[in-house]
$ cat protein.tsv   # TSV, C-alpha atoms
chain	number	residue	atom	x	y	z
C	20	MET	CA	-27.76	1.42	-6.64
C	21	THR	CA	-25.65	0.42	-3.63
C	22	LYS	CA	-21.93	0.71	-4.22
C	23	PRO	CA	-19.89	-2.46	-3.60
C	24	LEU	CA	-17.84	-0.93	-0.77
C	25	ALA	CA	-20.62	1.09	0.87
C	26	SER	CA	-20.20	1.33	4.68
C	27	ARG	CA	-16.65	-0.05	4.49
C	28	ILE	CA	-13.64	1.72	6.02
C	29	ALA	CA	-10.46	1.81	3.91
C	30	LEU	CA	-7.12	2.97	5.33
C	31	VAL	CA	-4.65	3.99	2.61
C	32	THR	CA	-1.08	5.10	3.33
C	33	GLY	CA	0.89	7.38	1.02
C	34	ALA	CA	-2.48	8.70	-0.16
C	35	SER	CA	-1.37	12.21	-1.17
C	36	ARG	CA	-0.03	11.24	-4.60
C	37	GLY	CA	0.76	8.45	-7.04
C	38	ILE	CA	-0.65	4.96	-6.58
C	39	GLY	CA	-1.93	5.73	-3.07
C	40	TYR	CA	-3.89	8.75	-4.29
C	41	ALA	CA	-5.35	6.85	-7.25
C	42	THR	CA	-6.27	3.83	-5.11
C	43	ALA	CA	-7.91	5.95	-2.42
C	44	LEU	CA	-9.97	7.72	-5.09
C	45	ALA	CA	-10.98	4.43	-6.73
C	46	LEU	CA	-11.99	2.88	-3.41
C	47	ALA	CA	-14.03	5.99	-2.57
C	48	LYS	CA	-15.82	5.74	-5.94
C	49	ALA	CA	-16.70	2.16	-4.98
C	50	GLY	CA	-18.32	3.52	-1.81
C	51	ALA	CA	-15.64	3.16	0.90
C	52	HIS	CA	-14.98	5.84	3.49
C	53	ILE	CA	-11.29	6.64	3.07
C	54	VAL	CA	-8.87	7.15	5.94
C	55	ALA	CA	-6.10	8.86	3.97
C	56	VAL	CA	-2.64	8.91	5.56
C	57	ALA	CA	0.29	10.94	4.20
C	58	ARG	CA	2.87	13.51	5.25
C	59	THR	CA	1.66	16.08	2.70
C	60	GLN	CA	-1.35	18.07	3.92
C	61	GLY	CA	-1.88	19.77	0.53
C	62	GLY	CA	-2.02	16.45	-1.33
C	63	LEU	CA	-4.51	15.08	1.20
C	64	GLU	CA	-6.75	18.13	0.79
C	65	GLU	CA	-6.63	17.70	-2.98
C	66	LEU	CA	-7.66	14.07	-2.59
C	67	ASP	CA	-10.49	15.08	-0.25
C	68	ASP	CA	-11.79	17.57	-2.83
C	69	GLU	CA	-11.82	14.89	-5.53
C	70	ILE	CA	-13.54	12.35	-3.29
C	71	ARG	CA	-16.22	14.85	-2.28
C	72	LYS	CA	-16.87	15.75	-5.94
C	73	ASP	CA	-18.02	12.16	-6.42
C	74	GLY	CA	-20.14	12.23	-3.29
C	75	GLY	CA	-17.65	10.24	-1.21
C	76	SER	CA	-16.17	10.89	2.20
C	77	ALA	CA	-12.70	10.83	3.74
C	78	THR	CA	-10.84	11.36	6.98
C	79	LEU	CA	-7.48	13.06	6.44
C	80	VAL	CA	-4.56	11.97	8.63
C	81	PRO	CA	-1.38	14.05	8.16
C	82	LEU	CA	1.15	11.65	9.66
C	83	SER	CA	4.70	10.53	9.02
C	84	LEU	CA	4.78	6.75	9.13
C	85	THR	CA	8.09	6.94	10.95
C	86	ASP	CA	5.99	8.08	13.94
C	87	SER	CA	5.23	4.67	15.45
C	88	ASP	CA	3.31	6.22	18.35
C	89	GLY	CA	1.26	8.17	15.82
C	90	ILE	CA	0.29	4.92	14.07
C	91	ALA	CA	-0.75	3.47	17.44
C	92	ARG	CA	-2.86	6.57	18.15
C	93	LEU	CA	-4.46	6.23	14.71
C	94	GLY	CA	-5.41	2.63	15.47
C	95	ALA	CA	-6.99	3.70	18.77
C	96	ALA	CA	-8.87	6.56	17.10
C	97	LEU	CA	-10.23	4.26	14.38
C	98	HIS	CA	-11.37	1.79	17.05
C	99	GLU	CA	-13.18	4.56	18.89
C	100	ARG	CA	-14.78	6.12	15.80
C	101	HIS	CA	-15.55	3.13	13.57
C	102	GLY	CA	-14.89	0.01	15.63
C	103	LYS	CA	-13.32	-1.69	12.61
C	104	VAL	CA	-11.22	-1.33	9.47
C	105	ASP	CA	-12.27	-3.29	6.39
C	106	ILE	CA	-9.41	-2.46	4.01
C	107	LEU	CA	-5.74	-1.63	4.54
C	108	VAL	CA	-3.62	-0.53	1.58
C	109	GLY	CA	0.03	-0.23	2.64
C	110	ASN	CA	1.32	1.92	-0.20
C	111	ALA	CA	3.67	4.49	1.35
C	112	GLY	CA	7.30	3.98	0.43
C	113	VAL	CA	10.55	5.79	-0.25
C	114	ALA	CA	13.17	4.98	-2.87
C	115	GLY	CA	16.27	5.93	-0.88
C	116	PRO	CA	19.68	6.60	-2.43
C	117	SER	CA	20.74	5.23	-5.84
C	118	SER	CA	24.35	4.38	-4.96
C	119	PRO	CA	26.70	1.43	-4.46
C	120	LEU	CA	26.15	-0.16	-1.05
C	121	GLY	CA	29.58	0.91	0.17
C	122	HIS	CA	28.73	4.56	-0.48
C	123	ILE	CA	25.45	4.61	1.46
C	124	ASP	CA	25.52	6.02	4.97
C	125	LEU	CA	23.72	4.28	7.82
C	126	LYS	CA	21.13	7.03	8.27
C	127	SER	CA	19.98	6.71	4.64
C	128	TRP	CA	19.66	2.94	5.08
C	129	ASN	CA	17.69	3.33	8.31
C	130	ASP	CA	15.41	5.96	6.75
C	131	VAL	CA	14.36	3.56	3.97
C	132	MET	CA	13.81	0.67	6.38
C	133	ALA	CA	11.79	2.87	8.72
C	134	VAL	CA	9.19	3.71	6.06
C	135	ASN	CA	9.20	0.61	3.86
C	136	VAL	CA	9.43	-2.06	6.56
C	137	THR	CA	9.08	-0.89	10.17
C	138	ALA	CA	6.07	1.35	9.48
C	139	ASN	CA	4.23	-1.54	7.83
C	140	PHE	CA	5.08	-3.81	10.77
C	141	GLN	CA	3.58	-1.21	13.10
C	142	LEU	CA	0.51	-0.89	10.87
C	143	ILE	CA	0.02	-4.65	11.03
C	144	ARG	CA	0.33	-4.60	14.84
C	145	CYS	CA	-2.09	-1.74	15.32
C	146	ILE	CA	-4.66	-2.39	12.59
C	147	GLU	CA	-4.91	-6.20	12.66
C	148	PRO	CA	-7.46	-6.25	15.54
C	149	LEU	CA	-9.69	-3.83	13.58
C	150	LEU	CA	-9.39	-5.82	10.35
C	151	LYS	CA	-10.35	-8.99	12.22
C	152	VAL	CA	-13.56	-7.33	13.41
C	153	SER	CA	-14.58	-6.82	9.77
C	154	ASP	CA	-16.67	-9.51	8.11
C	155	ALA	CA	-14.18	-9.42	5.20
C	156	GLY	CA	-10.94	-7.67	6.16
C	157	ARG	CA	-8.62	-7.13	3.21
C	158	ALA	CA	-4.98	-5.95	3.22
C	159	VAL	CA	-2.85	-5.14	0.17
C	160	PHE	CA	0.77	-4.01	0.35
C	161	ILE	CA	2.59	-2.42	-2.58
C	162	THR	CA	5.88	-4.13	-3.39
C	163	SER	CA	8.33	-3.90	-6.30
C	164	GLY	CA	10.12	-6.11	-8.79
C	165	ALA	CA	13.32	-4.75	-7.20
C	166	ALA	CA	12.69	-7.15	-4.30
C	167	ASN	CA	13.69	-10.19	-6.35
C	168	LYS	CA	15.80	-8.63	-9.12
C	169	ALA	CA	18.46	-7.38	-6.67
C	170	MET	CA	19.17	-4.43	-8.93
C	171	ALA	CA	22.56	-2.76	-8.58
C	172	TYR	CA	22.61	0.66	-6.90
C	173	LEU	CA	19.12	0.25	-5.38
C	174	GLY	CA	20.23	-1.79	-2.37
C	175	PRO	CA	18.21	-0.22	0.47
C	176	TYR	CA	15.03	-0.11	-1.61
C	177	ALA	CA	15.42	-3.67	-2.93
C	178	ALA	CA	16.25	-5.07	0.50
C	179	SER	CA	13.34	-3.23	2.13
C	180	LYS	CA	10.83	-4.53	-0.40
C	181	ALA	CA	12.16	-8.09	-0.02
C	182	ALA	CA	11.71	-7.71	3.75
C	183	LEU	CA	8.21	-6.31	3.25
C	184	GLU	CA	7.23	-9.28	1.06
C	185	THR	CA	8.37	-11.76	3.71
C	186	LEU	CA	6.65	-9.78	6.48
C	187	VAL	CA	3.36	-9.76	4.57
C	188	ARG	CA	3.60	-13.46	3.70
C	189	VAL	CA	4.19	-14.33	7.37
C	190	TRP	CA	1.11	-12.31	8.29
C	191	ALA	CA	-0.92	-14.04	5.59
C	192	ASN	CA	0.11	-17.44	7.00
C	193	GLU	CA	-0.71	-16.35	10.54
C	194	THR	CA	-4.20	-15.22	9.53
C	195	ALA	CA	-5.00	-17.90	6.93
C	196	SER	CA	-7.70	-19.47	9.13
C	197	THR	CA	-9.47	-16.12	9.69
C	198	LYS	CA	-11.65	-14.02	7.39
C	199	LEU	CA	-8.73	-11.65	6.78
C	200	ARG	CA	-7.05	-11.83	3.37
C	201	VAL	CA	-3.51	-10.43	2.97
C	202	ASN	CA	-1.75	-9.96	-0.37
C	203	LEU	CA	0.98	-8.11	-2.27
C	204	PHE	CA	0.70	-6.01	-5.41
C	205	ASN	CA	3.61	-5.29	-7.74
C	206	PRO	CA	2.77	-2.30	-9.96
C	207	GLY	CA	5.93	-2.46	-12.07
C	208	PRO	CA	7.03	0.75	-13.82
C	209	ILE	CA	4.30	3.36	-13.21
C	210	ARG	CA	4.22	7.07	-14.02
C	211	THR	CA	4.95	8.41	-10.53
C	212	ARG	CA	7.21	11.07	-9.07
C	213	MET	CA	9.28	8.45	-7.28
C	214	ARG	CA	9.84	6.47	-10.49
C	215	ALA	CA	10.95	9.65	-12.28
C	216	ALA	CA	13.46	10.41	-9.52
C	217	VAL	CA	15.03	6.94	-9.71
C	218	PHE	CA	14.97	6.66	-13.52
C	219	PRO	CA	15.29	10.27	-14.78
C	220	GLY	CA	16.12	9.22	-18.36
C	221	GLU	CA	12.87	7.30	-18.79
C	222	ASP	CA	9.98	8.79	-20.78
C	223	PRO	CA	7.06	8.79	-18.31
C	224	MET	CA	4.58	8.82	-21.19
C	225	ASP	CA	5.67	5.26	-21.98
C	226	LEU	CA	4.43	4.09	-18.58
C	227	ASP	CA	0.98	3.21	-17.28
C	228	THR	CA	-0.65	5.69	-14.91
C	229	PRO	CA	-1.38	5.17	-11.21
C	230	GLU	CA	-5.08	5.17	-12.10
C	231	GLN	CA	-4.59	2.18	-14.38
C	232	ALA	CA	-2.80	0.23	-11.64
C	233	ALA	CA	-5.45	1.17	-9.06
C	234	GLU	CA	-8.13	-0.52	-11.17
C	235	PHE	CA	-6.42	-3.83	-10.36
C	236	ILE	CA	-5.88	-3.09	-6.65
C	237	VAL	CA	-9.55	-2.40	-5.95
C	238	PRO	CA	-10.74	-5.97	-6.71
C	239	MET	CA	-8.21	-7.26	-4.15
C	240	CYS	CA	-10.01	-5.14	-1.53
C	241	MET	CA	-13.48	-6.49	-2.24
C	242	PRO	CA	-15.29	-8.84	0.18
C	243	GLU	CA	-15.51	-11.50	-2.53
C	244	TRP	CA	-11.71	-11.64	-2.95
C	245	ASN	CA	-10.67	-14.92	-1.31
C	246	GLU	CA	-6.98	-15.36	-2.13
C	247	THR	CA	-4.40	-14.79	0.58
C	248	GLY	CA	-0.60	-14.83	0.68
C	249	LYS	CA	-0.46	-14.15	-3.07
C	250	PHE	CA	1.36	-11.69	-5.30
C	251	TYR	CA	-0.45	-9.81	-8.07
C	252	ASP	CA	2.00	-8.85	-10.80
C	253	TYR	CA	0.47	-5.92	-12.67
C	254	PRO	CA	2.92	-5.92	-15.64
C	255	SER	CA	1.93	-9.50	-16.53
C	256	ARG	CA	-1.64	-9.21	-15.14
C	257	LYS	CA	-1.12	-12.44	-13.22
C	258	LEU	CA	-1.87	-13.54	-9.68
C	259	MET	CA	1.13	-15.56	-8.50
C	260	SER	CA	2.01	-17.89	-5.65
C	261	PHE	CA	5.37	-17.89	-3.92
C	262	HIS	CA	7.62	-20.91	-4.35
C	263	PRO	CA	10.86	-21.97	-2.65
C	264	PRO	CA	14.02	-21.19	-4.67
C	265	ALA	CA	14.82	-23.77	-7.34

$ encode --input "protein.tsv" --output "structure tokens"
Amino acid sequence: MTKPLASRIALVTGASRGIGYATALALAKAGAHIVAVARTQGGLEELDDEIRKDGGSATLVPLSLTDSDGIARLGAALHERHGKVDILVGNAGVAGPSSPLGHIDLKSWNDVMAVNVTANFQLIRCIEPLLKVSDAGRAVFITSGAANKAMAYLGPYAASKAALETLVRVWANETASTKLRVNLFNPGPIRTRMRAAVFPGEDPMDLDTPEQAAEFIVPMCMPEWNETGKFYDYPSRKLMSFHPPA
């Protein structure tokens, strides 16, 4: 039986662990060829082994997303090899320091913005032409409830995710008349290494796994998914629209 994502190319960032790893694996099981991007070579090789066990295929791209030229080269290489990208999952992110704003140095702030915002802007710039070639280009970016809760001591992370949400919504509006569909996914509290670092007192066994969240990201990557500019909130299992402030 033909898999639903057979012959489709899926680019996943932060694919070496956590939600990125689980989503890449789930998309591969659905038949997509995975272009897996992460800094950690070992994690990428582990992912490749798992994908191959299920008869899938992957291209491993060890790359720091702070390397804007590297993202541009990746876009050019994908154009040359595949001529298109069908799915983009912008998952890579960093938590940054957990401190009062006045105690955070400029470098730490810039480091968070570089990965959580600027890298995704560069991905949009470099991958949009390839997504538009697809008959059903789909893009999903991983956000956080921190973007609208404005949680104390998580300033750089919260601000970066708020910026990411606006960036993605602008892109969705710019591409609304095309076949490209662009959305956000909020996983909420998930059993990941990053979550454990930010909330060390939390029992990870009380949280859902990345694999459980990935089950809800995959449908947003399917050709039949038609919503754009929306926000899927995994904790409530609801697809939401954005509204102006009350």

$ closest_residue --input "protein.tsv" --among "C:Pro119, C:Thr21, C:Arg212, C:Leu93" --to "Ser35 in chain C" --atoms "all atoms listed in the file"
C:Arg212

$ closest_residue --input "protein.tsv" --among "C:Gly50, C:Lys180, C:Arg256, C:Thr42" --to "Leu66 in chain C" --atoms "only C-alpha atoms"
C:Thr42

$ residues_around --input "protein.tsv" --residues "Arg144 in chain C" --least-positions-apart "3" --cutoff "12 Å" --atoms "only C-alpha atoms" --output "list in words"
Ser87, Asp88, Ile90, Ala91, Leu93, Gly94, Ala95, Thr137, Ala138, Asn139, Phe140, Gln141, Glu147, Pro148, Leu149, Leu150, Lys151, Leu186, Val187 and Trp190 of chain C

$ residues_around --input "protein.tsv" --residues "Ile38 in chain C" --least-positions-apart "3" --cutoff "12 Å" --atoms "all atoms listed in the file" --output "PyMOL selection string"
chain C and resi 31-35+41-46+108-112+160-162+204-214+227-237

$ residues_near_point --input "protein.tsv" --point "(-14.6, 0.9, 1.2)" --cutoff "10 Å" --atoms "all atoms listed in the file" --output "PyMOL selection string"
chain C and resi 22-30+43+45-54+104-107+237+240-242

$ closest_residue --input "protein.tsv" --among "C:Asn129, C:Thr197, C:Asn135, C:Asn167" --to "Asn245 in chain C" --atoms "all atoms listed in the file"
C:Thr197

$ closest_residue --input "protein.tsv" --among "C:Asn202, C:Ser196, C:Thr185, C:Gln60" --to "Val136 in chain C" --atoms "all atoms listed in the file"
C:Thr185

$ atom_distance --input "protein.tsv" --atom1 "CA of Ser83 in chain C" --atom2 "CA of Ala191 in chain C"
25.4 Å

$ closest_residue --input "protein.tsv" --among "C:Arg188, C:Pro219, C:Ile143, C:Glu243" --to "His262 in chain C" --atoms "only C-alpha atoms"
C:Arg188

$ atom_distance --input "protein.tsv" --atom1 "CA of Arg58 in chain C" --atom2 "CA of Ser117 in chain C"
22.6 Å

$ residues_near_point --input "protein.tsv" --point "(-15.5, -5.1, 13.1)" --cutoff "6 Å" --atoms "all atoms listed in the file" --output "ChimeraX atom specification"
/C:102-103,149,152-153

$ write_last_selection --input "protein.tsv" --atoms "C-alpha atoms" --output "mmCIF file, keeping the file's coordinate frame"
data_model
loop_
_atom_site.group_PDB
_atom_site.id
_atom_site.type_symbol
_atom_site.label_atom_id
_atom_site.label_comp_id
_atom_site.auth_asym_id
_atom_site.auth_seq_id
_atom_site.Cartn_x
_atom_site.Cartn_y
_atom_site.Cartn_z
ATOM 1 C CA GLY C 102 -14.890 0.010 15.630
ATOM 2 C CA LYS C 103 -13.320 -1.690 12.610
ATOM 3 C CA LEU C 149 -9.690 -3.830 13.580
ATOM 4 C CA VAL C 152 -13.560 -7.330 13.410
ATOM 5 C CA SER C 153 -14.580 -6.820 9.770
#

$ atom_distance --input "protein.tsv" --atom1 "CA of Leu84 in chain C" --atom2 "CA of Ala57 in chain C"
7.9 Å

$ residues_around --input "protein.tsv" --residues "Val80 in chain C" --least-positions-apart "2" --cutoff "6 Å" --atoms "all atoms listed in the file" --output "VMD selection string"
chain C and resid 55 to 56 82

$ closest_residue --input "protein.tsv" --among "C:Gly115, C:Gly89, C:Gly39, C:Gly248" --to "Ala158 in chain C" --atoms "all atoms listed in the file"
C:Gly248
